[in-house]
Amino acid sequence: MKTNTFKIIAFFFLMLVSAPIFAHALWIETKATGIKGKAQEISIYFGEFSDNDITKADKWFSDLKNFSLIVVSPSKKETKLSTKALDNKYQAFFTPTEDGVYTIVMQHTVGDVYGTMKLDYNSSATVVVGNKNAGNTIAANSNKIAVFSENADTAKKDAKVTGVASYDGAIAKEAKIKVIAPNGWEKELWTNDKGEFSFTPIWSGNYMVEYAHTDKASGEHNGKKYDEIWKMATYQIVVK
C-alpha cells in the first residue's frame, strides 16, 4: 500500500515539475486590421496566456529568441522580419503595400531537448488591409501546424466565431483545440471532419486559440535523444 501511495505521489510531483514549460507558449499579438503605407507593429510573447504570466525577454527558455518571423502578403510574397528585444516581448514592424490579408508566421524548434521531448513552437496572426479578397486562407501559413479564422477581424462578443486547424498540409480532423478568454477562462473544443471548430465569446478582449500535437518519434536533436516531438500552434483573436 505504501509503495502504491509513493508511486502516486511521485507521478503527481513529476506532473507539477513538467507543467510550467508545457503550459507556456509563444504567441503573436497585433491589430487585426492595417493600413497601406502605415507601419504595423507585431509583438511576440512567451509565457502563460491564461495567467497573464509573461516571461521577460532575457529569461526565455533555451534559444527561443532565435525564432523565425515572416510576413506573407496577399500576393504570397514572403518577407523575413527582424525583431528587437524589449522588456517583456520581442517587437517587429512591417508596412503593408497591397489590399488583402497578410499572414504573420512564427516558428522555432527549441535547441534543447526537454526531458525526452523535442519542442516545436508555432504562432500566426492575420492582418486585413482594405478587403479580404486575397490571402484569407490557412494555406497562406507555411507552418506544419496552424490555426486560422476567416472572421478574426470582425469577431464580436456573443457572436459565433469559426475557425479551422491544419496539420502537415492537411485539415486537422477531430483535433483538440483550446480557447483561452481574456480573463483566463478556458474551453476545450474538437474539430469536425472538415477541421472546423467554433465558439461564442461572452467577453471582449484578446482570446488565444491553441492547438497542440505530439508525434511519437525518436531520434537525436543537437546531440540529445528524444522520443517525442511536441508541436504547438497559437492564434490570436481580438473580440470587440
# chains A, B, ... in the order shown; residues from 1 in each chain; ligands from 1
$ select_by_dssp --residues "segment 49-226 of chain A" --states "strand (DSSP E or B)" --output "ChimeraX atom specification"
/A:53-54,68-72,78-80,84-85,90-94,100-109,114,117-129,131,145-148,161-167,170-171,176-180,186-190,196-199,205-215,219-221,224-226
$ residues_around --residues "Thr55 of chain A" --least-positions-apart "5" --cutoff "12 Å" --atoms "only C-alpha atoms" --output "JSON, numbers by chain"
{"A": [20, 21, 24, 25, 26, 27, 44, 45, 46, 47, 48, 49, 60, 61, 64, 65, 86, 87, 88, 89, 90]}
$ residues_around --residues "Glu186 of chain A" --least-positions-apart "6" --cutoff "12 Å" --atoms "only C-alpha atoms" --output "ChimeraX atom specification"
/A:49-51,177-180,199,201,207-210
$ write_last_selection --atoms "C-alpha atoms" --output "CSV table (one decimal), in the first residue's frame"
chain,number,residue,atom,x,y,z
A,49,PHE,CA,-1.5,33.4,-21.5
A,50,SER,CA,-4.3,32.2,-19.2
A,51,ASP,CA,-2.5,33.5,-16.1
A,177,ILE,CA,-8.4,22.9,-29.7
A,178,LYS,CA,-8.1,25.1,-26.6
A,179,VAL,CA,-9.7,28.6,-26.5
A,180,ILE,CA,-8.5,30.9,-23.7
A,199,PHE,CA,-17.1,29.1,-30.1
A,201,PRO,CA,-17.1,34.6,-26.9
A,207,TYR,CA,-8.6,35.4,-27.0
A,208,MET,CA,-5.9,32.8,-27.7
A,209,VAL,CA,-6.6,29.7,-29.6
A,210,GLU,CA,-4.1,26.8,-29.1
$ residues_around --residues "Thr214 of chain A" --least-positions-apart "5" --cutoff "10 Å" --atoms "only C-alpha atoms" --output "PyMOL selection string"
chain A and resi 117-120+228-232
$ write_last_selection --atoms "C-alpha atoms" --output "short mmCIF file (atom, residue, chain, number, x, y, z; two decimals), in the first residue's frame"
data_model
loop_
_atom_site.label_atom_id
_atom_site.label_comp_id
_atom_site.auth_asym_id
_atom_site.auth_seq_id
_atom_site.Cartn_x
_atom_site.Cartn_y
_atom_site.Cartn_z
CA MET A 117 10.79 15.67 -25.90
CA LYS A 118 11.68 17.94 -28.81
CA LEU A 119 9.64 21.18 -28.70
CA ASP A 120 8.36 22.95 -31.80
CA GLU A 228 8.51 12.55 -28.81
CA ILE A 229 8.04 15.73 -30.84
CA TRP A 230 5.62 18.22 -29.28
CA LYS A 231 4.22 20.90 -31.57
CA MET A 232 2.03 23.84 -30.63
#
$ residues_around --residues "Ala172 of chain A" --least-positions-apart "5" --cutoff "10 Å" --atoms "only C-alpha atoms" --output "PDB file with N, CA and C atoms, in the first residue's frame"
ATOM      1  N   ILE A 145       1.905  23.096 -38.360  1.00  0.00           N
ATOM      2  CA  ILE A 145       0.722  23.067 -37.513  1.00  0.00           C
ATOM      3  C   ILE A 145       0.192  24.492 -37.401  1.00  0.00           C
ATOM      4  N   ALA A 146      -1.122  24.672 -37.590  1.00  0.00           N
ATOM      5  CA  ALA A 146      -1.649  26.040 -37.657  1.00  0.00           C
ATOM      6  C   ALA A 146      -3.127  26.095 -37.282  1.00  0.00           C
ATOM      7  N   VAL A 147      -3.549  27.294 -36.871  1.00  0.00           N
ATOM      8  CA  VAL A 147      -4.948  27.601 -36.587  1.00  0.00           C
ATOM      9  C   VAL A 147      -5.278  28.899 -37.319  1.00  0.00           C
ATOM     10  N   VAL A 164     -10.468  27.031 -38.298  1.00  0.00           N
ATOM     11  CA  VAL A 164     -10.043  25.753 -38.858  1.00  0.00           C
ATOM     12  C   VAL A 164      -8.610  25.487 -38.399  1.00  0.00           C
ATOM     13  N   ALA A 165      -8.273  24.215 -38.264  1.00  0.00           N
ATOM     14  CA  ALA A 165      -6.927  23.809 -37.874  1.00  0.00           C
ATOM     15  C   ALA A 165      -6.343  22.935 -38.976  1.00  0.00           C
ATOM     16  N   SER A 166      -5.017  23.004 -39.123  1.00  0.00           N
ATOM     17  CA  SER A 166      -4.358  22.163 -40.114  1.00  0.00           C
ATOM     18  C   SER A 166      -3.100  21.550 -39.521  1.00  0.00           C
ATOM     19  N   TYR A 167      -2.727  20.393 -40.064  1.00  0.00           N
ATOM     20  CA  TYR A 167      -1.504  19.719 -39.633  1.00  0.00           C
ATOM     21  C   TYR A 167      -0.862  19.045 -40.835  1.00  0.00           C
ATOM     22  N   TRP A 190     -13.320  20.357 -30.129  1.00  0.00           N
ATOM     23  CA  TRP A 190     -12.813  19.358 -31.066  1.00  0.00           C
ATOM     24  C   TRP A 190     -13.221  19.761 -32.468  1.00  0.00           C
ATOM     25  N   THR A 191     -12.299  19.659 -33.411  1.00  0.00           N
ATOM     26  CA  THR A 191     -12.634  19.977 -34.797  1.00  0.00           C
ATOM     27  C   THR A 191     -13.491  18.860 -35.389  1.00  0.00           C
ATOM     28  N   ASN A 192     -14.279  19.222 -36.405  1.00  0.00           N
ATOM     29  CA  ASN A 192     -15.108  18.225 -37.079  1.00  0.00           C
ATOM     30  C   ASN A 192     -14.330  17.581 -38.228  1.00  0.00           C
ATOM     31  N   ASP A 193     -15.025  16.861 -39.101  1.00  0.00           N
ATOM     32  CA  ASP A 193     -14.335  16.154 -40.185  1.00  0.00           C
ATOM     33  C   ASP A 193     -13.834  17.098 -41.274  1.00  0.00           C
ATOM     34  N   LYS A 194     -14.151  18.396 -41.131  1.00  0.00           N
ATOM     35  CA  LYS A 194     -13.609  19.398 -42.056  1.00  0.00           C
ATOM     36  C   LYS A 194     -12.523  20.244 -41.391  1.00  0.00           C
ATOM     37  N   GLY A 195     -12.122  19.850 -40.197  1.00  0.00           N
ATOM     38  CA  GLY A 195     -11.092  20.595 -39.473  1.00  0.00           C
ATOM     39  C   GLY A 195     -11.599  21.870 -38.838  1.00  0.00           C
ATOM     40  N   GLU A 196     -12.924  22.024 -38.766  1.00  0.00           N
ATOM     41  CA  GLU A 196     -13.519  23.271 -38.285  1.00  0.00           C
ATOM     42  C   GLU A 196     -13.862  23.207 -36.800  1.00  0.00           C
ATOM     43  N   TYR A 211      -3.472  24.906 -30.405  1.00  0.00           N
ATOM     44  CA  TYR A 211      -3.611  23.561 -30.958  1.00  0.00           C
ATOM     45  C   TYR A 211      -2.271  22.859 -30.774  1.00  0.00           C
TER      46      TYR A 211
END
$ atom_distance --atom1 "atom CA of Glu29 of chain A" --atom2 "atom CA of Tyr114 of chain A"
26.2 Å
$ residues_around --residues "Pro182 of chain A" --least-positions-apart "2" --cutoff "6 Å" --atoms "only C-alpha atoms" --output "list in words"
Gly184, Gly205, Asn206 and Tyr207 of chain A
$ select_by_dssp --residues "segment 39-218 of chain A" --states "helix (DSSP H, G or I)" --output "PyMOL selection string"
chain A and resi 49-51+57-59+64-66+138-140+152-154
$ write_last_selection --atoms "C-alpha atoms" --output "PDB file, in the first residue's frame"
ATOM      1  CA  PHE A  49      -1.514  33.445 -21.542  1.00  0.00           C
ATOM      2  CA  SER A  50      -4.306  32.218 -19.245  1.00  0.00           C
ATOM      3  CA  ASP A  51      -2.500  33.507 -16.145  1.00  0.00           C
ATOM      4  CA  ALA A  57      12.607  38.700 -22.915  1.00  0.00           C
ATOM      5  CA  ASP A  58      16.023  37.971 -21.406  1.00  0.00           C
ATOM      6  CA  LYS A  59      14.649  34.940 -19.492  1.00  0.00           C
ATOM      7  CA  LEU A  64      13.625  30.600 -28.152  1.00  0.00           C
ATOM      8  CA  LYS A  65      14.828  34.101 -29.013  1.00  0.00           C
ATOM      9  CA  ASN A  66      16.139  32.717 -32.322  1.00  0.00           C
ATOM     10  CA  ILE A 138      -4.997  28.943 -43.699  1.00  0.00           C
ATOM     11  CA  ALA A 139      -2.960  27.818 -46.728  1.00  0.00           C
ATOM     12  CA  ALA A 140      -1.010  31.110 -46.512  1.00  0.00           C
ATOM     13  CA  ALA A 152     -10.850  37.157 -36.855  1.00  0.00           C
ATOM     14  CA  ASP A 153     -11.038  40.829 -37.809  1.00  0.00           C
ATOM     15  CA  THR A 154     -14.781  41.053 -37.155  1.00  0.00           C
TER      16      THR A 154
END
$ atom_distance --atom1 "atom CA of Lys36 of chain A" --atom2 "atom CA of Pro96 of chain A"
4.8 Å
$ closest_residue --among "A:Ala212, A:Ser204, A:Leu69, A:Lys77" --to "Lys156 of chain A" --atoms "only C-alpha atoms"
A:Ser204
$ atom_distance --atom1 "atom CA of Ser68 of chain A" --atom2 "atom CA of Lys84 of chain A"
12.6 Å
